[in-house]
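Report on the structure given below.
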Amino acid sequence: MNRFENRVVILTGANGGFGAAAAKAFAAEGTRLVLSDLAEEPAEALTGLDPDRFVYVSGDVTEPTLHQELVATAKDRFGRLDIAVNNAGIAHPHYRMHEIPADMARKVIDIDLMGVFHALCAQIPALQNEAKAHDGCAIVNIASVAGLGGAPGLGIYAAAKHGVVGMTKTAAAENARRGIRINAVCPAFSRTPMAVDEIARSDLPTAEAETFMTRGVPMARLAEVSEVIAAILFAADPANGFMTGQAIAVDGGIGAI
Ligand SMILES: NC(=O)c1ccc[n+]([C@@H]2O[C@H](COP(=O)([O-])OP(=O)(O)OC[C@H]3O[C@@H](n4cnc5c(N)ncnc54)[C@H](O)[C@@H]3O)[C@@H](O)[C@H]2O)c1
């Protein structure tokens with residue numbers, strides 16, 4: 001039997017690089033999915049998913065009502081909720097800390113930090129109820145290595161992602177006896193549109209821009225999307241039952257030096 005057979009998963013940012021890959025990986029392991037993103041329709045990358053086993057809800061993660069709707073959709077459509085992956089997020093162009101425009105800073109905090117906060121506010125009470133009926137309730141917040149240390153040029157992104165790690169640890173401790181595991185996955189630059197677009201914007205040729213971007217990574221390369229998805233599924237896996245409150249670095253060794 002698949003490790004996620006018949007589990008029900010909420011996943012935000014489902015149209016993006018990690019999101020679409022995570023949706024397909026969860027679906028391949030037997031889950032039913034409530035997918036969400038800004039666009040009206042699911043991305044082309046999601047075609048091929050069994051339409052009876054997923055529902056797509058468009059919306060903005062900065063709206064608390066979206067998260068209530070996602071929880072209600074899981075219950076109404078599939079009768080339960082097991083796992084939530086709070087993945088939607090944006091980065092910002094590189095600026096030194098004191099030069100980041102305030103409206104840009106507010107937007108990043110609103111989406112990357114408050115978006116996860118609103119998600120937790122809807123998901124935790126729902127999962128506390130679910131945990132009375134079944135095991136395997138888990139939340140996975142997608143933070144970043146920028147949530148574990150300074151990120152020159154990405155100061156507000158780093159602040160938001162440190163905040164996600166702080167909320168993850170706090171909520172994990174508060175819910176450890178209530179049957180919900182809550183962990184964060186903290187990738188370094190990975191081969192999704194977020195990093196690939198930044199490479200494309202560089203003045204350097206692609207290969208050199210990639211080398212420059214990964215100059216501080218002991219493995220000297222970007223993460224492949226599948227390597228990050230493996231960590232997300234590991235964090236969500238019901239068999240991984242004693243791990244909570246962790247910020248799991250998927251960083252090619254950055255944290256080792
Ligand atoms: N790619 C990387 O190098 C990298 C590294 C570390 C962490 N991350 C994090 O991983 C997560 C996913 O990023 P990705 O690389 O797949 O990027 P991506 O740009 O491919 O996908 C992000 C998705 O989030 C959605 N989104 C953005 N703002 C939203 C909003 N207000 N409401 C709802 N949805 C919104 C976008 O539409 C997009 O589909 C993000 O939280 C990001 O910060 C990415």
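FYI, nothing fancy with the structure tokens labels: chains A, B, ... in order, residues from 1 per chain, ligands from 1 as they appear.
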
Exercise for the section: Please provide the set of residues having any atom within 9 Å of Thr211 of chain A, restricted to only C-alpha atoms, with same-chain residues fewer than 5 positions apart removed, written as a PyMOL selection string. Expected result: chain A and resi 206+220-222

Exercise for the section: Extract, using only C-alpha atoms, all DNA, RNA and protein residues at most 9 Å from Ala74 of chain A, discarding same-chain residues fewer than 2 positions from it, and format them as a count of residues only. Expected result: 17

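From atom CA of Pro42 of chain A back to atom 7 (C, counted along the ligand's line) of ligand 1, the distance works out to 21.1 Å.
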
Exercise for the section: Could you report the residues within 7 Å of ligand 1, using only C-alpha atoms and all ligand atoms, as a PyMOL selection string? Expected result: chain A and resi 12-19+37-39+59-62+87-91+111-112+142-145+186-195

Problem - Filtered DSSP result for segment 49-210 of chain A, state strand (DSSP E or B), as a PyMOL selection string - result: chain A and resi 49+54-58+83-86+95+137-142+154+180-187+190
